[in-house]
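Just structure-v7.cif here, mmCIF, C-alpha atoms:
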```
data_upload
loop_
_atom_site.group_PDB
_atom_site.id
_atom_site.type_symbol
_atom_site.label_atom_id
_atom_site.label_comp_id
_atom_site.auth_asym_id
_atom_site.auth_seq_id
_atom_site.Cartn_x
_atom_site.Cartn_y
_atom_site.Cartn_z
ATOM 1 C CA MET A 1 40.302 -41.667 -167.840
ATOM 2 C CA THR A 2 37.275 -40.587 -169.835
ATOM 3 C CA ASP A 3 34.189 -42.788 -169.695
ATOM 4 C CA THR A 4 32.183 -42.185 -172.880
ATOM 5 C CA ILE A 5 29.563 -44.171 -174.748
ATOM 6 C CA SER A 6 31.873 -44.406 -177.762
ATOM 7 C CA SER A 7 34.429 -46.334 -175.704
ATOM 8 C CA SER A 8 31.881 -48.860 -174.484
ATOM 9 C CA PRO A 9 31.930 -52.267 -176.203
ATOM 10 C CA SER A 10 28.131 -52.235 -176.205
ATOM 11 C CA ALA A 11 27.941 -48.845 -177.954
ATOM 12 C CA PRO A 12 27.244 -50.279 -181.453
ATOM 13 C CA ALA A 13 24.308 -52.276 -180.105
ATOM 14 C CA TRP A 14 22.869 -49.249 -178.291
ATOM 15 C CA ILE A 15 23.187 -47.134 -181.434
ATOM 16 C CA ALA A 16 21.463 -49.826 -183.510
ATOM 17 C CA LEU A 17 18.617 -50.046 -181.002
ATOM 18 C CA GLY A 18 18.252 -46.270 -181.190
ATOM 19 C CA VAL A 19 17.903 -46.444 -184.973
ATOM 20 C CA GLN A 20 15.383 -49.271 -184.633
ATOM 21 C CA HIS A 21 13.375 -47.188 -182.166
ATOM 22 C CA ALA A 22 13.423 -44.189 -184.522
ATOM 23 C CA ILE A 23 12.031 -46.333 -187.345
ATOM 24 C CA LEU A 24 9.301 -48.029 -185.319
ATOM 25 C CA ALA A 25 8.350 -44.732 -183.653
ATOM 26 C CA ARG A 26 7.293 -43.473 -187.081
ATOM 27 C CA ALA A 27 4.791 -46.328 -187.343
ATOM 28 C CA MET A 28 3.320 -45.904 -183.866
ATOM 29 C CA PRO A 29 0.796 -43.152 -184.819
ATOM 30 C CA VAL A 30 -0.833 -45.513 -187.326
ATOM 31 C CA LEU A 31 -1.197 -48.302 -184.794
ATOM 32 C CA ARG A 32 -2.351 -45.906 -182.077
ATOM 33 C CA HIS A 33 -5.021 -44.526 -184.419
ATOM 34 C CA ASP A 34 -6.265 -48.033 -185.250
ATOM 35 C CA LEU A 35 -6.482 -49.020 -181.588
ATOM 36 C CA ALA A 36 -8.150 -45.813 -180.422
ATOM 37 C CA GLY A 37 -10.585 -45.756 -183.333
ATOM 38 C CA MET A 38 -11.742 -49.314 -182.748
ATOM 39 C CA LEU A 39 -12.161 -48.722 -179.010
ATOM 40 C CA THR A 40 -14.324 -45.670 -179.741
ATOM 41 C CA ILE A 41 -16.554 -47.674 -182.078
ATOM 42 C CA MET A 42 -16.907 -50.460 -179.522
ATOM 43 C CA ARG A 43 -17.774 -48.012 -176.755
ATOM 44 C CA MET A 44 -20.528 -46.493 -178.887
ATOM 45 C CA GLY A 45 -21.758 -49.965 -179.785
ATOM 46 C CA ALA A 46 -21.929 -50.931 -176.114
ATOM 47 C CA VAL A 47 -24.160 -47.913 -175.424
ATOM 48 C CA VAL A 48 -26.519 -48.934 -178.233
ATOM 49 C CA LEU A 49 -26.622 -52.543 -177.028
ATOM 50 C CA ARG A 50 -27.412 -51.483 -173.476
ATOM 51 C CA ARG A 51 -30.329 -49.354 -174.637
ATOM 52 C CA ARG A 52 -31.703 -52.061 -176.899
ATOM 53 C CA ALA A 53 -31.367 -54.704 -174.200
ATOM 54 C CA ALA A 54 -33.471 -52.510 -171.901
ATOM 55 C CA ASP A 55 -36.150 -52.147 -174.584
ATOM 56 C CA SER A 56 -37.891 -55.520 -174.813
ATOM 57 C CA ALA A 57 -39.939 -54.325 -177.782
ATOM 58 C CA HIS A 58 -36.836 -53.685 -179.862
ATOM 59 C CA GLU A 59 -35.546 -56.087 -182.490
ATOM 60 C CA PRO A 60 -33.060 -58.816 -181.441
ATOM 61 C CA ILE A 61 -29.513 -57.640 -180.845
ATOM 62 C CA GLY A 62 -27.760 -60.604 -182.476
ATOM 63 C CA ALA A 63 -26.512 -58.547 -185.438
ATOM 64 C CA GLN A 64 -25.031 -55.911 -183.144
ATOM 65 C CA LEU A 65 -23.290 -58.601 -181.092
ATOM 66 C CA GLU A 66 -21.727 -59.997 -184.260
ATOM 67 C CA GLN A 67 -20.413 -56.524 -185.095
ATOM 68 C CA GLN A 68 -18.904 -56.253 -181.631
ATOM 69 C CA GLU A 69 -17.179 -59.595 -182.145
ATOM 70 C CA GLU A 70 -15.722 -58.334 -185.427
ATOM 71 C CA HIS A 71 -14.493 -55.179 -183.718
ATOM 72 C CA LEU A 72 -12.898 -57.264 -180.956
ATOM 73 C CA ALA A 73 -11.104 -59.399 -183.540
ATOM 74 C CA SER A 74 -9.775 -56.266 -185.263
ATOM 75 C CA LEU A 75 -8.688 -54.822 -181.929
ATOM 76 C CA ALA A 76 -6.889 -58.038 -181.017
ATOM 77 C CA GLU A 77 -5.058 -58.038 -184.356
ATOM 78 C CA SER A 78 -3.889 -54.453 -183.819
ATOM 79 C CA ALA A 79 -2.707 -55.366 -180.325
ATOM 80 C CA ARG A 80 -0.756 -58.326 -181.726
ATOM 81 C CA LEU A 81 1.123 -55.936 -184.002
ATOM 82 C CA LEU A 82 2.692 -54.449 -180.882
ATOM 83 C CA ARG A 83 4.983 -57.481 -180.766
ATOM 84 C CA HIS A 84 7.065 -55.743 -183.424
ATOM 85 C CA TRP A 85 8.037 -53.161 -180.796
ATOM 86 C CA ASP A 86 9.777 -55.841 -178.723
ATOM 87 C CA LEU A 87 13.551 -55.592 -178.908
ATOM 88 C CA GLN A 88 13.759 -59.001 -180.543
ATOM 89 C CA GLY A 89 10.389 -59.146 -182.262
ATOM 90 C CA PRO A 90 9.222 -62.079 -184.386
ATOM 91 C CA GLN A 91 12.345 -63.821 -185.662
ATOM 92 C CA ALA A 92 10.597 -66.745 -187.360
ATOM 93 C CA PRO A 93 11.120 -66.833 -191.132
ATOM 94 C CA GLU A 94 8.089 -65.528 -193.011
ATOM 95 C CA PRO A 95 7.456 -65.102 -196.745
ATOM 96 C CA LEU A 96 8.765 -61.773 -197.966
ATOM 97 C CA ALA A 97 5.277 -61.118 -199.339
ATOM 98 C CA ALA A 98 3.847 -61.120 -195.792
ATOM 99 C CA THR A 99 6.556 -58.774 -194.526
ATOM 100 C CA VAL A 100 6.076 -56.377 -197.440
ATOM 101 C CA ALA A 101 2.307 -56.355 -196.801
ATOM 102 C CA LEU A 102 2.921 -55.596 -193.125
ATOM 103 C CA ALA A 103 5.211 -52.716 -194.061
ATOM 104 C CA ARG A 104 2.457 -51.331 -196.288
ATOM 105 C CA GLN A 105 0.025 -51.454 -193.361
ATOM 106 C CA PHE A 106 2.385 -49.420 -191.186
ATOM 107 C CA VAL A 107 3.637 -46.848 -193.668
ATOM 108 C CA GLN A 108 0.984 -46.218 -196.311
ATOM 109 C CA PRO A 109 -1.349 -44.045 -194.163
ATOM 110 C CA LEU A 110 1.519 -41.682 -193.322
ATOM 111 C CA LEU A 111 2.593 -41.399 -196.957
ATOM 112 C CA ALA A 112 -0.998 -40.900 -198.116
ATOM 113 C CA MET A 113 -1.407 -37.956 -195.732
ATOM 114 C CA ARG A 114 1.416 -36.242 -197.638
ATOM 115 C CA GLY A 115 0.116 -37.251 -201.057
ATOM 116 C CA LEU A 116 2.908 -39.765 -201.700
ATOM 117 C CA ALA A 117 2.231 -43.055 -203.481
ATOM 118 C CA LEU A 118 3.602 -46.432 -202.421
ATOM 119 C CA GLU A 119 3.794 -49.145 -205.062
ATOM 120 C CA LEU A 120 4.470 -52.724 -204.022
ATOM 121 C CA PRO A 121 4.601 -55.948 -206.021
ATOM 122 C CA GLY A 122 1.704 -58.352 -205.758
ATOM 123 C CA GLY A 123 1.769 -60.887 -202.954
ATOM 124 C CA ASP A 124 1.835 -63.715 -205.498
ATOM 125 C CA THR A 125 5.104 -62.494 -207.033
ATOM 126 C CA PRO A 126 7.312 -65.628 -206.953
ATOM 127 C CA ALA A 127 10.361 -63.736 -205.677
ATOM 128 C CA LEU A 128 8.308 -62.683 -202.639
ATOM 129 C CA ALA A 129 5.961 -65.609 -202.102
ATOM 130 C CA ASP A 130 8.652 -68.299 -202.339
ATOM 131 C CA VAL A 131 11.412 -66.664 -200.262
ATOM 132 C CA ARG A 132 11.314 -66.694 -196.469
ATOM 133 C CA ALA A 133 13.389 -64.451 -194.207
ATOM 134 C CA PRO A 134 13.369 -63.400 -190.524
ATOM 135 C CA GLN A 135 10.480 -60.959 -190.387
ATOM 136 C CA GLN A 136 11.559 -58.426 -187.772
ATOM 137 C CA PRO A 137 14.912 -57.422 -189.348
ATOM 138 C CA VAL A 138 13.442 -57.162 -192.841
ATOM 139 C CA LEU A 139 10.432 -55.189 -191.589
ATOM 140 C CA CYS A 140 12.583 -52.651 -189.713
ATOM 141 C CA LEU A 141 14.976 -52.173 -192.614
ATOM 142 C CA LEU A 142 12.200 -51.916 -195.203
ATOM 143 C CA LEU A 143 10.324 -49.336 -193.124
ATOM 144 C CA GLY A 144 13.581 -47.465 -192.612
ATOM 145 C CA ALA A 145 14.338 -47.446 -196.340
ATOM 146 C CA ILE A 146 10.871 -46.130 -197.204
ATOM 147 C CA HIS A 147 11.039 -43.370 -194.585
ATOM 148 C CA LEU A 148 14.593 -42.500 -195.621
ATOM 149 C CA LEU A 149 13.434 -41.741 -199.170
ATOM 150 C CA ALA A 150 10.181 -40.086 -198.057
ATOM 151 C CA GLU A 151 12.128 -37.707 -195.792
ATOM 152 C CA ALA A 152 14.833 -36.848 -198.336
ATOM 153 C CA PRO A 153 16.294 -33.361 -197.727
ATOM 154 C CA GLY A 154 15.813 -32.479 -201.388
ATOM 155 C CA GLY A 155 12.078 -33.056 -201.178
ATOM 156 C CA PRO A 156 9.844 -36.118 -201.144
ATOM 157 C CA PRO A 157 9.346 -38.298 -204.220
ATOM 158 C CA ALA A 158 5.956 -38.653 -205.855
ATOM 159 C CA THR A 159 6.187 -42.446 -205.669
ATOM 160 C CA ILE A 160 8.190 -44.963 -203.679
ATOM 161 C CA ARG A 161 8.413 -48.328 -205.402
ATOM 162 C CA VAL A 162 9.433 -51.579 -203.688
ATOM 163 C CA SER A 163 10.455 -54.509 -205.876
ATOM 164 C CA PRO A 164 12.439 -57.750 -205.627
ATOM 165 C CA ILE A 165 15.872 -57.861 -207.228
ATOM 166 C CA ASP A 166 16.308 -60.389 -210.029
ATOM 167 C CA GLY A 167 18.822 -63.105 -209.266
ATOM 168 C CA ARG A 168 19.146 -62.151 -205.594
ATOM 169 C CA PRO A 169 16.628 -64.052 -203.453
ATOM 170 C CA GLY A 170 15.767 -62.238 -200.245
ATOM 171 C CA SER A 171 16.766 -58.828 -201.618
ATOM 172 C CA LEU A 172 14.551 -55.787 -202.127
ATOM 173 C CA ARG A 173 15.068 -52.482 -203.896
ATOM 174 C CA VAL A 174 13.287 -49.345 -202.705
ATOM 175 C CA GLN A 175 13.266 -46.685 -205.419
ATOM 176 C CA ALA A 176 12.151 -43.046 -205.317
ATOM 177 C CA GLU A 177 10.457 -41.785 -208.475
ATOM 178 C CA GLY A 178 9.389 -38.289 -209.464
ATOM 179 C CA HIS A 179 9.042 -35.317 -207.155
ATOM 180 C CA ALA A 180 6.045 -34.321 -205.031
ATOM 181 C CA ALA A 181 6.437 -30.557 -205.216
ATOM 182 C CA ASP A 182 3.296 -29.796 -203.208
ATOM 183 C CA ALA A 183 3.783 -32.433 -200.508
ATOM 184 C CA PRO A 184 4.129 -31.123 -196.948
ATOM 185 C CA PRO A 185 7.333 -32.011 -195.108
ATOM 186 C CA ALA A 186 7.423 -35.070 -192.897
ATOM 187 C CA ALA A 187 6.379 -34.409 -189.324
ATOM 188 C CA SER A 188 9.453 -34.103 -187.139
ATOM 189 C CA THR A 189 9.796 -35.572 -183.670
ATOM 190 C CA PRO A 190 11.520 -33.298 -181.129
ATOM 191 C CA GLY A 191 14.900 -34.661 -180.142
ATOM 192 C CA MET A 192 14.934 -37.273 -182.918
ATOM 193 C CA PRO A 193 17.253 -36.599 -185.877
ATOM 194 C CA PRO A 194 16.145 -37.538 -189.393
ATOM 195 C CA LEU A 195 17.061 -40.955 -190.733
ATOM 196 C CA ASP A 196 20.135 -41.238 -192.919
ATOM 197 C CA GLY A 197 21.785 -43.980 -194.914
ATOM 198 C CA ALA A 198 24.661 -44.449 -192.481
ATOM 199 C CA ALA A 199 22.252 -45.080 -189.603
ATOM 200 C CA LEU A 200 20.320 -47.614 -191.674
ATOM 201 C CA GLN A 201 23.527 -49.421 -192.631
ATOM 202 C CA HIS A 202 24.587 -49.564 -188.974
ATOM 203 C CA LEU A 203 21.265 -51.155 -188.041
ATOM 204 C CA ALA A 204 21.591 -53.638 -190.917
ATOM 205 C CA ARG A 205 25.014 -54.782 -189.707
ATOM 206 C CA HIS A 206 23.632 -55.223 -186.200
ATOM 207 C CA LEU A 207 20.775 -57.347 -187.579
ATOM 208 C CA GLY A 208 23.034 -59.473 -189.778
ATOM 209 C CA ALA A 209 21.681 -57.944 -192.988
ATOM 210 C CA GLN A 210 23.144 -55.661 -195.646
ATOM 211 C CA VAL A 211 22.019 -52.279 -196.929
ATOM 212 C CA ARG A 212 23.324 -50.271 -199.869
ATOM 213 C CA HIS A 213 22.017 -46.849 -200.757
ATOM 214 C CA GLY A 214 22.473 -44.020 -203.189
ATOM 215 C CA ASP A 215 20.644 -40.956 -204.433
ATOM 216 C CA GLY A 216 16.986 -41.973 -204.464
ATOM 217 C CA TRP A 217 17.385 -45.698 -203.862
ATOM 218 C CA VAL A 218 18.051 -48.285 -201.166
ATOM 219 C CA GLU A 219 18.769 -51.994 -201.563
ATOM 220 C CA LEU A 220 18.582 -54.446 -198.691
ATOM 221 C CA ASP A 221 19.574 -58.082 -198.348
ATOM 222 C CA ALA A 222 17.693 -60.053 -195.712
ATOM 223 C CA PRO A 223 19.745 -61.797 -193.033
ATOM 224 C CA PRO A 224 20.151 -65.545 -193.454
ATOM 225 C CA VAL A 225 17.559 -67.821 -191.929
ATOM 226 C CA PRO A 226 19.010 -69.241 -188.696
ATOM 227 C CA ASP A 227 19.587 -72.968 -188.587
ATOM 228 C CA LYS A 228 17.080 -74.976 -186.614
ATOM 229 C CA PRO A 229 18.539 -76.522 -183.466
ATOM 230 C CA ALA A 230 19.226 -80.202 -183.875
ATOM 231 C CA ARG A 231 16.811 -82.540 -182.141
ATOM 232 C CA ARG A 232 18.200 -84.631 -179.347
#
```

Could you express the structure from this file as structure tokens?
Amino acid sequence: MTDTISSSPSAPAWIALGVQHAILARAMPVLRHDLAGMLTIMRMGAVVLRRRAADSAHEPIGAQLEQQEEHLASLAESARLLRHWDLQGPQAPEPLAATVALARQFVQPLLAMRGLALELPGGDTPALADVRAPQQPVLCLLLGAIHLLAEAPGGPPATIRVSPIDGRPGSLRVQAEGHAADAPPAASTPGMPPLDGAALQHLARHLGAQVRHGDGWVELDAPPVPDKPARR
């Protein structure tokens, strides 16, 4: 008898979690940079405050304390983003506009480093502002779709455009446009294979969503909003 992962009933879930990890791992450098950068600024600010507090002739330090409070608020917000690395993550329905904006925050710095443009619809677009969907599944799939096109074997596109799909609430289309001939290749992670459409579709099925893809495009349908438990 051969005991292999493919024969395990939990194998599909493990594979889906591996794909989810591969997607979120691509966003970790951005979050790590934000956290480390803010901590460095706060450490330098603390040194300045200590010196000014010791100098009674110096001007009041109220303005510097306000800056430190702002830095702490920014640091706390970056730390809260780590909740998206939980296996379940935030499942509460959120407007698609908020999820698209969060995806921009995670992915745009990496694309900009390679000279790739990311175009998203405005947050007041009715198809995004009026539709709510579980945030974690949509965020993972949207990030995966963007990275899938940005890491295309034939070369990266000049622009990746995200737009709602007319007549299909809760659906998004991610489209590659042009060709960035001078863009450097995406940084590879040792031991982690590149994303592909089949992996993204497997994750979508695990999350209760749907993904379709072709040459230079990906479409995703958000999973349905779970019913609220009845009050007793």

Open item on the list: Translate the PyMOL selection byres ((chain A and resi 114) around 12) into a concrete residue list for this structure, as a list in words.
Closed with: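 On this input, the PyMOL selection byres ((chain A and resi 114) around 12) captures Val107, Gln108, Pro109, Leu110, Leu111, Ala112, Met113, Gly115, Leu116, Ala117, Leu118, Ala150, Glu151, Gly155, Pro156, Pro157, Ala158, Thr159, Ala180, Ala181, Asp182, Ala183, Pro184, Pro185, Ala186 and Ala187 of chain A.
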
- [ ] Give me, please, the distance in Å between CA of Ala25 in chain A and CA of Ala209 in chain A, quoted to one decimal.
- [x] 21.0 Å

- [ ] Pull out every residue that the PyMOL selection byres ((chain A and resi 104) around 10) matches in the shown coordinates and put them as a ChimeraX atom specification.
- [x] /A:98-103,105-109,111,118-120,142-143,146

Would you mind exporting the chosen residues as a compact mmCIF listing (two decimals), in the frame of the given file, restricted to C-alpha atoms?
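Output contents, as saved in result-v8.txt:
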```txt
# COMPACT_ATOMS: atom_id res chain seq x y z
CA ALA A 98 3.85 -61.12 -195.79
CA THR A 99 6.56 -58.77 -194.53
CA VAL A 100 6.08 -56.38 -197.44
CA ALA A 101 2.31 -56.36 -196.80
CA LEU A 102 2.92 -55.60 -193.12
CA ALA A 103 5.21 -52.72 -194.06
CA GLN A 105 0.02 -51.45 -193.36
CA PHE A 106 2.38 -49.42 -191.19
CA VAL A 107 3.64 -46.85 -193.67
CA GLN A 108 0.98 -46.22 -196.31
CA PRO A 109 -1.35 -44.04 -194.16
CA LEU A 111 2.59 -41.40 -196.96
CA LEU A 118 3.60 -46.43 -202.42
CA GLU A 119 3.79 -49.14 -205.06
CA LEU A 120 4.47 -52.72 -204.02
CA LEU A 142 12.20 -51.92 -195.20
CA LEU A 143 10.32 -49.34 -193.12
CA ILE A 146 10.87 -46.13 -197.20
```

TODO: Identify all residues satisfying the PyMOL selection byres ((chain A and resi 96) around 10) in the given file; provide them as a PyMOL selection string.
DONE: chain A and resi 93-95+97-102+123+125-135+138-139+164+169-172+222

Open item on the list: Would you pick out the contacts of Leu149 in chain A at 8 Å or less, using only C-alpha atoms, so that residues sharing its chain but fewer than 4 positions from it are not included, and give the list as an NGL selection string?
Closed with: :A and (145 or 156-157 or 160 or 175-176 or 216-217)

Open item on the list: Given all atoms listed in the file as the basis, pick out the residue of A:Leu220, A:Gln210, A:Asp215, A:Val174 nearest to Gly154 in chain A.
Closed with: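 Checking each candidate against Gly154 in chain A, we get A:Asp215 as the closest.
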
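Nearest residue to Leu148 in chain A among A:Ala11, A:Leu200, A:Ala27, A:Leu207 is A:Leu200, counting all atoms listed in the file.
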
TODO: Name the closest residue to Leu203 in chain A among the candidates A:Gly122, A:Gly167, A:Gly144, A:Pro224; distances are taken between atoms, counting all atoms listed in the file.
DONE: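 The shortest atom-to-atom distance to Leu203 in chain A comes from A:Gly144.
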
Task: For CA of His202 in chain A and CA of Asp166 in chain A, the interatomic separation in Å (one decimal) - done: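 Answer for the CA of His202 in chain A to CA of Asp166 in chain A separation: 25.1 Å.
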
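The space between CA of His213 in chain A and CA of Asp196 in chain A spans 9.8 Å.
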